[in-house]
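The structure under discussion appears below in the form of structure tokens.
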Amino acid sequence: MSRHRSHPRWPRVAERRASATLLGIMSPQENLTEAIATEGIGKEIFALAAKIYPICRSITGDGVRETLREIGVHIPLEVHEVPTGTAVFDWTIPREWNIRDAYIKNARHEKIIDFAQSNLHVMSYSVPVQKRVSLVELKSHIHTLPEQPDLIPYRTSYYLENWGFCMAHRQLESLRDETYDVVIDSTLKDGSLTYGEYLHQGETEDEFLLSSHVCHPSLANDNCSGVALLTHLAKRMAGLKTRYSYRFLFAPGTIGAIAWLARNEHKVRRIKHGLVIAMVGDGGGPTYKKSRRETAKIDRAVINVLRHSGLAPIVLDFFPYGYDERQYCSPGFNLPVGLFQRSKFGEIPQYHTSADNLEFIRPDHLAKSYHLIAATIDVVENDRRYRNTMPKCEPQLGRRGLYDAIGGDKDAAAKNLAMLWILNMSDGTHSLLDIAERASLPFAVVRRAAQLLHAHGLLINDIADENA
Amino acid sequence: MSRHRSHPRWPRVAERRASATLLGIMSPQENLTEAIATEGIGKEIFALAAKIYPICRSITGDGVRETLREIGVHIPLEVHEVPTGTAVFDWTIPREWNIRDAYIKNARHEKIIDFAQSNLHVMSYSVPVQKRVSLVELKSHIHTLPEQPDLIPYRTSYYLENWGFCMAHRQLESLRDETYDVVIDSTLKDGSLTYGEYLHQGETEDEFLLSSHVCHPSLANDNCSGVALLTHLAKRMAGLKTRYSYRFLFAPGTIGAIAWLARNEHKVRRIKHGLVIAMVGDGGGPTYKKSRRETAKIDRAVINVLRHSGLAPIVLDFFPYGYDERQYCSPGFNLPVGLFQRSKFGEIPQYHTSADNLEFIRPDHLAKSYHLIAATIDVVENDRRYRNTMPKCEPQLGRRGLYDAIGGDKDAAAKNLAMLWILNMSDGTHSLLDIAERASLPFAVVRRAAQLLHAHGLLINDIADENA
Amino acid sequence: MSRHRSHPRWPRVAERRASATLLGIMSPQENLTEAIATEGIGKEIFALAAKIYPICRSITGDGVRETLREIGVHIPLEVHEVPTGTAVFDWTIPREWNIRDAYIKNARHEKIIDFAQSNLHVMSYSVPVQKRVSLVELKSHIHTLPEQPDLIPYRTSYYLENWGFCMAHRQLESLRDETYDVVIDSTLKDGSLTYGEYLHQGETEDEFLLSSHVCHPSLANDNCSGVALLTHLAKRMAGLKTRYSYRFLFAPGTIGAIAWLARNEHKVRRIKHGLVIAMVGDGGGPTYKKSRRETAKIDRAVINVLRHSGLAPIVLDFFPYGYDERQYCSPGFNLPVGLFQRSKFGEIPQYHTSADNLEFIRPDHLAKSYHLIAATIDVVENDRRYRNTMPKCEPQLGRRGLYDAIGGDKDAAAKNLAMLWILNMSDGTHSLLDIAERASLPFAVVRRAAQLLHAHGLLINDIADENA
């Protein structure tokens, strides 16, 4: 096989950045990934997660409001209150639950369980109680994990009035047969459900939805991690020009997402891409669960990013169980919204236990999750169709100094091949993402090669794509 | 992940049966599987197979008539005679063959082969013969199985006039060099080909064809098993209301099926589903060979049933060799007819030998085969499209007591998931079978979950489906 | 399973050949494979490869002309000259390069490198040089293979003016620190690029392109093998009637193919099938790289042939790197042209080294490659759609003596099955290649069975196919 090898002239990152406006060929969002992926992001996300970790959240109540206030320190969050009793599709906003204190004292007046030590000790939505009970009666209100005897489980009873405590199984087994004073100083009365949203306005009304649940109490990964990551992502995007508008939604799981959909039913068709972000601080996965459409651009974008992440991604077909993608992907909406996580939910022993604490999540994992999401946004922002201006035979890349990149540039071969793939497939029917998929290359490599070819006049924007 | 867990209220089988008409949501055939799958079915099928096992059948003659009479004891069979010489497409009904006796005597007048002991000893359609022959000449008419030296093979010569005996290879090797008297007291003369059919009339003229060949002599699995199974299936269906009409056909292989198709050419388009049933008494497989259409509903129904049978099914793409599906699936008809067997034909050592006897088939295998076919019928009868009446977000299943089934009900998780899948996919384009396939669930689980959702008003019949 | 087994009457090869015109059902090209696949072909191809091996070829110059003259000894080749400076799409025909002699002498006037010994010693397109240089300067012009220290590499510098020598790394390491006289007696001046083509005229203007690069110097497999194979294939086809016209192209890689496409742009749409043939004398593969269309008939034809070759074929999806299929498959042409090789290029240690010599290629490998290409041509020539004249039920093959072939004919079972597949699938929508693919049978078996069925009136030509 004979072909010309000349001195390479692949522009370095700095060059490319500087030349972007000069060349006039790169959209403002070209360097989005780099712009939003700064150093230290993992620590910043961790710090916010740690800040909101102690708050006792539920699907309603002051814990959610306090969490939204912390988010609001970083971004101009719009907070909404939906009154108790409001009908939202098949559901009704429940009464608001708040809790001040709770404990169990034994016959010697020793506090053996104290809400102040861990808000997991009280089953969420427990009605108020203050009574002396026998061990037998107490046990009927205690939840434990016999197979993880040192951990406190997380339990809720949103729609069935009840009260309960959660404790380590080992502690349960040590309880003496005596009387106990149980106190739950909670309120369950008319109020409202609270959620927050923030819109980063892009060049178009088309939206990219990023949604995290904010209803779990002191569980670090589930979902202080997701809430903190989205907050800092929104913060970094401020001031950046983007093609899409980005809607960040912080709402209680299920009922919160349903309330938001019910109140925004008329405009959800604007959502062209979306991700539910949950449990992104552990080192597992990454896991991606496809949208119900299964081949939406968001699905293909995440999959391309994960396949080239150097990690061992898990890609799941859609199934109607999980987080709020259940609502976004219900058949009446069928929005292109997937789920991004690290470990697959329910498949780690820390899931929904007191072991999901701040030691379980790490800045480097948070940073990695952040970068993967940023890279996904980059795909969606920059995917487009070009047309090869020299479609008959290959253009002479060597003459233009495009063939072969700087020796030692480890991506050189991939970039060369990317140029050949782009030229071969840019016939008006394939976008850069199509090409990246066909060539098994990272989208970012294909995008940069396309920009280079475009700068040399070998590609033009496809007219049809302008209107797409 | 937060969701409501309430007390479950999954109806028990007995409840469901009782409530079927009260709720008015279940079609009469809803409990078809249970209605026709009674205890003891295996023994009943075995008893009939044993009854017809000794009869010497061929593609024509009194053996077929006697077999049809035995079937007629159980169901009102309609028997047809097609005269010798009748043209049926490219074929002609051959002369009728009957046999009274046959033997070989050695020089000492000892009967070394006796038709009365096994009808496999005579090659089917052997012309009459009565002569004294040398060992050399005799050997030119003897068929054996050198690799299975103790077994008698099954041989035929329908369209080439000839005579022959079949024996164990070990016996052939022991024959002395002497003269032998051979007698075959058979007749081959104008008569007719006989087949029987029975129609279970359903609510529509659309038919489900169930076809078994009745031309083999004393071979228990091939196909006394299939004939007996279909007879008892027809018997159990008597009186049941069904959507489809069920046509049971008992005909000689190849020429019988061709004759039936030639005489019913004008109405075969009524056949919407079909199965050829053969060799269903051994413990192999189960094996399913797809119809030529490959994705017909019958193909998908059987595959769903087999995949969830707990056995290790073998699913084969269509190929133009085998049983009477060759004729039903010829390109001029292209009927949606597959083949159901246990072991794949030709792949068991007993195939077409004297080892295919009553010890080779077992009541429990026959019962299992019967249940698999009954479950397939259940799929075809009950597959339909519903529409989710609450397509925007999930309906609140907990409020209706639908979420979570009785603890200890081992199918609870599958049923819950089935409900979510049905709600998510019932958008007018997916039938219950589509949903079962997508969710990797048994059709029966999906069907019962759909009935429950329908009873709670969460599903309505899809109008388009009514006309499908 | 009962079916008639009669005496077989599968015609032997000799019979079939004789009867071809008598029956009037076989196209003249029916026995193409046999006609062109004679004994001794491997030795003839090898002899020509050996003849052209010593010639110093490049992308222009007398070496190409001499090679085309050797081809012209066997077939009436049309030779074209394209002047330096001619624009061919994005490229320009370069100046013509010729070389008479080259050497390196050490300080003791000993020739340590001599072009006369191996033309690989000089980097192709080296500009003239005659100077005394230090070891340091010399080394900056020497190319070696440190990991294969005994081999001389093959290097070119077509579009960047430079000079260089190639040698064994072991020799480089032994060079003393002294002065060296380097002489390259080459010319680089206006002239022309040379290519040859030959058209075997068929019954239609539709063409099958067979293309080999002729620009490499003394590399036996790459591509004396391909050039010699195509020459003898063209020679054997002379006088044969074919459906397609066959265009044999012998052109320098890349620039030669681009020049040919530029000069024949108006008629390339005639090309219905095509193969680039390169490196066909080693025992690897066979390797097939699909055309850009991926499911073109040429792709399916080669794959059918390779799958039934008894070898371990490698089938690659198209990628935009390789030989001249890069140009044929550029998006502005998108011709159905694949690449046939034995070992995959670049994956053998001899690739582009002095070890790619006449000992590396063998007559038996060349013959095998030839037969595979001939069989591919046979598929393309003979693929057609028939209609079963008896589509309702199977026709009675036994009555026509078609069932079962001569005992001992090892292909008998495949032929029987082929007949059943053809009858079942010949409904006007499937061609013989479709059937061969579906039945997992060699096309040749299906084709012969179809001819037999056609001769017995069981198949007719499909009218739609006549116009296809």
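Scheme for the structure tokens: letters A, B, ... for chains in order shown; per-chain residue numbers from 1; ligand numbers from 1 in order shown.
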Legend entry - Which of segment 15-244 of chain B DSSP labels strand (DSSP E), written as a VMD selection string: chain B and resid 78 to 83 87 to 88 91 to 92 96 to 105 111 to 114 129 to 133 142 to 143 165 to 166 180 to 189 192 to 200 207 to 213
Inset, instruction - Extract, using only C-alpha atoms, all DNA, RNA and protein residues at most 10 Å from Gln350 of chain B, discarding same-chain residues fewer than 2 positions from it, and format them as a PyMOL selection string. - result: chain B and resi 148+151+153+219+221-222+346-348+352-357+360
Legend entry - Nearest candidate to chain A (options B:Arg57, B:Lys392, B:Arg108, B:His143; using only C-alpha atoms): B:Lys392
Legend entry - Nearby residues (only C-alpha atoms) at most 9 Å from Arg100 of chain A, same-chain spacing under 6 positions excluded, as a PyMOL selection string: chain A and resi 115+184-187
Using only C-alpha atoms, find which residues of chain C lie within 12 Å of chain B and jot them down as a PDB file with C-alpha atoms, in the first residue's frame.
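Generated output (selection_6.pdb):
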```pdb
ATOM      1  CA  MET C   1     -41.007 -39.302   8.156  1.00  0.00           C
ATOM      2  CA  SER C   2     -42.057 -41.125   5.074  1.00  0.00           C
ATOM      3  CA  ARG C   3     -40.889 -40.152   1.670  1.00  0.00           C
ATOM      4  CA  HIS C   4     -40.108 -41.940  -1.519  1.00  0.00           C
ATOM      5  CA  ARG C   5     -36.527 -42.901  -2.267  1.00  0.00           C
ATOM      6  CA  SER C   6     -35.999 -43.852  -5.884  1.00  0.00           C
ATOM      7  CA  HIS C   7     -32.924 -44.396  -7.997  1.00  0.00           C
ATOM      8  CA  ARG C 387     -40.393 -19.281 -10.254  1.00  0.00           C
ATOM      9  CA  ASN C 388     -41.548 -22.647  -9.020  1.00  0.00           C
ATOM     10  CA  THR C 389     -44.141 -23.900 -11.529  1.00  0.00           C
ATOM     11  CA  MET C 390     -45.725 -26.169  -8.886  1.00  0.00           C
ATOM     12  CA  PRO C 391     -45.902 -23.869  -5.874  1.00  0.00           C
ATOM     13  CA  LYS C 392     -48.751 -25.690  -4.126  1.00  0.00           C
ATOM     14  CA  CYS C 393     -47.290 -28.554  -2.110  1.00  0.00           C
ATOM     15  CA  GLU C 394     -44.054 -30.146  -3.188  1.00  0.00           C
ATOM     16  CA  PRO C 395     -43.856 -31.584  -6.706  1.00  0.00           C
ATOM     17  CA  GLN C 396     -43.288 -35.347  -6.770  1.00  0.00           C
ATOM     18  CA  LEU C 397     -39.557 -35.387  -7.319  1.00  0.00           C
ATOM     19  CA  GLY C 398     -39.333 -39.152  -7.003  1.00  0.00           C
ATOM     20  CA  ARG C 399     -41.540 -39.701 -10.055  1.00  0.00           C
ATOM     21  CA  ARG C 400     -39.095 -37.619 -12.084  1.00  0.00           C
ATOM     22  CA  GLY C 401     -36.086 -39.476 -10.774  1.00  0.00           C
ATOM     23  CA  ALA C 413     -27.687 -34.742   0.506  1.00  0.00           C
ATOM     24  CA  ALA C 414     -26.760 -31.141  -0.187  1.00  0.00           C
ATOM     25  CA  ASN C 416     -31.456 -32.904  -2.499  1.00  0.00           C
ATOM     26  CA  LEU C 417     -31.789 -30.223   0.096  1.00  0.00           C
ATOM     27  CA  ALA C 418     -30.851 -27.614  -2.484  1.00  0.00           C
ATOM     28  CA  MET C 419     -33.761 -28.755  -4.681  1.00  0.00           C
ATOM     29  CA  LEU C 420     -36.195 -28.472  -1.787  1.00  0.00           C
ATOM     30  CA  TRP C 421     -34.888 -25.046  -0.839  1.00  0.00           C
ATOM     31  CA  ILE C 422     -35.112 -23.794  -4.418  1.00  0.00           C
ATOM     32  CA  LEU C 423     -38.673 -25.051  -4.833  1.00  0.00           C
ATOM     33  CA  ASN C 424     -39.660 -23.561  -1.499  1.00  0.00           C
ATOM     34  CA  MET C 425     -38.099 -20.157  -2.041  1.00  0.00           C
ATOM     35  CA  SER C 426     -38.546 -19.626  -5.785  1.00  0.00           C
ATOM     36  CA  ASP C 427     -41.615 -17.468  -5.368  1.00  0.00           C
ATOM     37  CA  GLY C 428     -40.342 -14.599  -7.450  1.00  0.00           C
ATOM     38  CA  THR C 429     -38.703 -12.766  -4.597  1.00  0.00           C
ATOM     39  CA  HIS C 430     -35.593 -14.865  -4.027  1.00  0.00           C
ATOM     40  CA  ILE C 435     -31.449 -19.260  -1.530  1.00  0.00           C
ATOM     41  CA  ARG C 438     -30.620 -18.966   3.446  1.00  0.00           C
ATOM     42  CA  ALA C 439     -29.828 -22.653   3.007  1.00  0.00           C
ATOM     43  CA  SER C 440     -26.157 -22.244   3.937  1.00  0.00           C
ATOM     44  CA  LEU C 458     -40.294 -27.299 -12.345  1.00  0.00           C
TER      45      LEU C 458
END
```
Inset, instruction - If you run DSSP over the backbone, which residues in segment 109-221 of chain C end up alpha helix (DSSP H)? Put them as a ChimeraX atom specification. - result: /C:135-139,169-174
Would you mind exporting the chosen residues as a compact mmCIF listing (two decimals), in the first residue's frame, restricted to C-alpha atoms?
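Saved result, part.txt, follows:
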```txt
# COMPACT_ATOMS: atom_id res chain seq x y z
CA LEU C 135 28.26 8.55 8.61
CA VAL C 136 26.01 10.91 10.54
CA GLU C 137 24.61 12.50 7.40
CA LEU C 138 24.29 9.12 5.72
CA LYS C 139 22.29 7.74 8.62
CA HIS C 169 19.35 -2.92 10.37
CA ARG C 170 22.19 -5.28 11.15
CA GLN C 171 24.18 -3.75 8.30
CA LEU C 172 23.48 -0.23 9.53
CA GLU C 173 24.82 -1.12 12.92
CA SER C 174 28.06 -2.45 11.39
```
Inset, instruction - Would you mind reading off the distance between atom CA of Thr86 of chain A and atom CA of Thr60 of chain A, one decimal, in Å? - result: 13.4 Å
Inset, instruction - Compile the contact shell of Tyr53 of chain C as a list in words: residues with an atom at most 6 Å away, counting only C-alpha atoms, same-chain residues fewer than 4 positions apart removed. - result: Ala49, Ser218 and Ala220 of chain C
Inset, instruction - Using only C-alpha atoms, determine which residues lie at most 9 Å from Gly226 of chain A, disregarding the query and same-chain residues fewer than 6 positions distant; provide the list as number ranges by chain. - result: A: 49, 211-214, 276-281, 341, 366
Inset, instruction - Work out how far atom CA of Leu209 of chain B is from atom CA of Arg247 of chain B, in Å to one decimal. - result: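 Between atom CA of Arg247 of chain B and atom CA of Leu209 of chain B the gap works out to 4.8 Å.
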Legend entry - Between atom CA of Lys272 of chain A and atom CA of Ser291 of chain A - distance in Å to one decimal: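 We find that atom CA of Ser291 of chain A and atom CA of Lys272 of chain A lie 11.8 Å from each other.
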Inset, instruction - Could you tell me which of A:Lys415, A:His232, A:Arg300, A:Arg293 comes closest to Phe46 of chain A if we count only C-alpha atoms? - result: A:His232
Inset, instruction - Tell me which protein, DNA and RNA residues are within 8 Å of Pro94 of chain A, counting only C-alpha atoms, leaving out same-chain ones fewer than 2 positions away, and put them as a list in words. - result: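 My list of contacting residues is Thr84, Gly85, Thr92, Glu96, Tyr159, Asp190, Ser192 and Leu193 of chain A.
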Based on the selection just made, write C-alpha atoms of those residues as a compact mmCIF listing (two decimals), in the first residue's frame.
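So part.txt came out as:
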```
# COMPACT_ATOMS: atom_id res chain seq x y z
CA THR A 84 -51.27 19.68 49.30
CA GLY A 85 -54.29 18.26 47.52
CA THR A 92 -52.55 14.01 44.57
CA GLU A 96 -46.46 18.00 54.08
CA TYR A 159 -49.12 6.92 51.36
CA ASP A 190 -51.57 20.53 54.67
CA SER A 192 -46.92 21.90 49.84
CA LEU A 193 -44.43 19.94 47.79
```
Inset, instruction - Name the residues in contact with Pro76 of chain C at a cut-off of 12 Å, using only C-alpha atoms, excluding same-chain residues fewer than 2 positions from it; report them as a ChimeraX atom specification. - result: /C:68-74,78-79,196-200,231,234-235,238,248
Just the selected residues (all heavy atoms), exported as a short mmCIF file (atom, residue, chain, number, x, y, z; two decimals), in the first residue's frame, please.
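Result saved to again_2.cif:
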```cif
data_model
loop_
_atom_site.label_atom_id
_atom_site.label_comp_id
_atom_site.auth_asym_id
_atom_site.auth_seq_id
_atom_site.Cartn_x
_atom_site.Cartn_y
_atom_site.Cartn_z
N LEU C 68 3.72 -3.81 -17.95
CA LEU C 68 2.54 -3.87 -18.83
C LEU C 68 2.87 -4.63 -20.12
O LEU C 68 2.02 -5.33 -20.67
CB LEU C 68 2.01 -2.46 -19.13
CG LEU C 68 1.52 -1.66 -17.90
CD1 LEU C 68 1.04 -0.28 -18.34
CD2 LEU C 68 0.41 -2.39 -17.16
N ARG C 69 4.13 -4.49 -20.60
CA ARG C 69 4.52 -5.25 -21.79
C ARG C 69 4.46 -6.75 -21.52
O ARG C 69 4.02 -7.51 -22.36
CB ARG C 69 5.94 -4.85 -22.22
CG ARG C 69 5.96 -3.71 -23.25
CD ARG C 69 7.35 -3.58 -23.91
NE ARG C 69 8.42 -3.32 -22.97
CZ ARG C 69 8.74 -2.09 -22.49
NH1 ARG C 69 8.07 -1.02 -22.88
NH2 ARG C 69 9.75 -1.95 -21.65
N GLU C 70 4.88 -7.16 -20.33
CA GLU C 70 4.83 -8.59 -19.99
C GLU C 70 3.38 -9.08 -19.92
O GLU C 70 3.06 -10.19 -20.33
CB GLU C 70 5.54 -8.86 -18.66
CG GLU C 70 7.04 -8.67 -18.70
CD GLU C 70 7.73 -9.67 -19.62
OE1 GLU C 70 7.13 -10.71 -19.97
OE2 GLU C 70 8.88 -9.39 -20.02
N ILE C 71 2.50 -8.24 -19.38
CA ILE C 71 1.08 -8.60 -19.35
C ILE C 71 0.57 -8.71 -20.78
O ILE C 71 -0.18 -9.63 -21.13
CB ILE C 71 0.28 -7.53 -18.57
CG1 ILE C 71 0.73 -7.49 -17.11
CG2 ILE C 71 -1.22 -7.80 -18.68
CD1 ILE C 71 0.20 -6.30 -16.31
N GLY C 72 1.03 -7.78 -21.61
CA GLY C 72 0.58 -7.73 -23.00
C GLY C 72 0.99 -8.94 -23.81
O GLY C 72 0.43 -9.18 -24.90
N VAL C 73 1.93 -9.70 -23.33
CA VAL C 73 2.29 -10.95 -24.00
C VAL C 73 1.11 -11.93 -23.96
O VAL C 73 0.92 -12.75 -24.85
CB VAL C 73 3.54 -11.57 -23.33
CG1 VAL C 73 3.78 -13.00 -23.78
CG2 VAL C 73 4.78 -10.70 -23.56
N HIS C 74 0.28 -11.80 -22.90
CA HIS C 74 -0.81 -12.75 -22.70
C HIS C 74 -2.16 -12.24 -23.16
O HIS C 74 -3.02 -13.03 -23.56
CB HIS C 74 -0.88 -13.12 -21.21
CG HIS C 74 0.35 -13.79 -20.71
ND1 HIS C 74 0.58 -15.14 -20.86
CD2 HIS C 74 1.47 -13.29 -20.11
CE1 HIS C 74 1.77 -15.46 -20.34
NE2 HIS C 74 2.33 -14.35 -19.89
N GLU C 78 -4.47 -2.52 -23.47
CA GLU C 78 -4.47 -1.14 -23.96
C GLU C 78 -3.70 -0.30 -22.96
O GLU C 78 -4.08 -0.27 -21.78
CB GLU C 78 -5.93 -0.67 -24.04
CG GLU C 78 -6.17 0.59 -24.82
CD GLU C 78 -7.68 0.87 -24.91
OE1 GLU C 78 -8.47 -0.10 -25.08
OE2 GLU C 78 -8.07 2.04 -24.77
N VAL C 79 -2.63 0.36 -23.41
CA VAL C 79 -1.77 1.11 -22.49
C VAL C 79 -2.04 2.60 -22.64
O VAL C 79 -2.13 3.12 -23.75
CB VAL C 79 -0.28 0.79 -22.73
CG1 VAL C 79 0.62 1.64 -21.84
CG2 VAL C 79 -0.03 -0.70 -22.47
N GLY C 196 -2.54 0.23 -17.73
CA GLY C 196 -3.05 -0.63 -18.80
C GLY C 196 -4.43 -1.15 -18.45
O GLY C 196 -4.74 -1.36 -17.28
N GLU C 197 -5.25 -1.34 -19.49
CA GLU C 197 -6.55 -1.96 -19.21
C GLU C 197 -6.95 -2.86 -20.36
O GLU C 197 -6.45 -2.74 -21.49
CB GLU C 197 -7.63 -0.91 -18.92
CG GLU C 197 -7.96 0.03 -20.05
CD GLU C 197 -9.01 1.07 -19.63
OE1 GLU C 197 -9.98 0.73 -18.93
OE2 GLU C 197 -8.83 2.25 -20.01
N TYR C 198 -7.82 -3.79 -20.07
CA TYR C 198 -8.27 -4.76 -21.06
C TYR C 198 -9.73 -5.05 -20.78
O TYR C 198 -10.10 -5.31 -19.62
CB TYR C 198 -7.44 -6.04 -20.96
CG TYR C 198 -8.06 -7.22 -21.66
CD1 TYR C 198 -8.18 -7.25 -23.07
CD2 TYR C 198 -8.54 -8.32 -20.94
CE1 TYR C 198 -8.76 -8.34 -23.71
CE2 TYR C 198 -9.11 -9.41 -21.57
CZ TYR C 198 -9.23 -9.41 -22.96
OH TYR C 198 -9.81 -10.49 -23.59
N LEU C 199 -10.55 -4.99 -21.82
CA LEU C 199 -11.97 -5.25 -21.64
C LEU C 199 -12.36 -6.56 -22.31
O LEU C 199 -12.21 -6.71 -23.53
CB LEU C 199 -12.82 -4.11 -22.22
CG LEU C 199 -14.32 -4.27 -21.96
CD1 LEU C 199 -14.65 -4.02 -20.50
CD2 LEU C 199 -15.13 -3.31 -22.85
N HIS C 200 -12.85 -7.49 -21.53
CA HIS C 200 -13.48 -8.70 -22.09
C HIS C 200 -14.94 -8.33 -22.32
O HIS C 200 -15.69 -8.10 -21.37
CB HIS C 200 -13.34 -9.85 -21.11
CG HIS C 200 -14.20 -11.04 -21.48
ND1 HIS C 200 -13.78 -12.03 -22.33
CD2 HIS C 200 -15.48 -11.35 -21.14
CE1 HIS C 200 -14.75 -12.91 -22.48
NE2 HIS C 200 -15.79 -12.53 -21.76
N THR C 231 -3.96 -11.30 -15.02
CA THR C 231 -3.56 -11.50 -16.42
C THR C 231 -4.04 -12.86 -16.92
O THR C 231 -4.63 -12.99 -17.99
CB THR C 231 -2.03 -11.40 -16.53
OG1 THR C 231 -1.62 -10.11 -16.06
CG2 THR C 231 -1.59 -11.58 -17.99
N ALA C 234 -7.86 -13.09 -17.23
CA ALA C 234 -8.31 -12.45 -18.47
C ALA C 234 -8.04 -13.35 -19.67
O ALA C 234 -8.87 -13.51 -20.57
CB ALA C 234 -7.61 -11.10 -18.63
N LYS C 235 -6.87 -13.96 -19.65
CA LYS C 235 -6.47 -14.84 -20.77
C LYS C 235 -7.44 -16.02 -20.90
O LYS C 235 -7.87 -16.38 -21.99
CB LYS C 235 -5.06 -15.34 -20.49
CG LYS C 235 -4.40 -16.10 -21.63
CD LYS C 235 -2.96 -16.46 -21.23
CE LYS C 235 -2.21 -17.13 -22.37
NZ LYS C 235 -0.81 -17.41 -21.96
N ALA C 238 -10.93 -15.26 -22.45
CA ALA C 238 -11.00 -14.90 -23.86
C ALA C 238 -11.83 -15.93 -24.61
O ALA C 238 -11.63 -17.14 -24.48
CB ALA C 238 -9.59 -14.81 -24.45
N PHE C 248 -10.31 -5.32 -16.87
CA PHE C 248 -9.10 -5.60 -16.08
C PHE C 248 -8.25 -4.34 -16.08
O PHE C 248 -7.89 -3.82 -17.15
CB PHE C 248 -8.32 -6.76 -16.71
CG PHE C 248 -9.06 -8.06 -16.64
CD1 PHE C 248 -10.04 -8.38 -17.59
CD2 PHE C 248 -8.82 -8.98 -15.63
CE1 PHE C 248 -10.74 -9.59 -17.52
CE2 PHE C 248 -9.51 -10.17 -15.55
CZ PHE C 248 -10.48 -10.48 -16.50
#
```
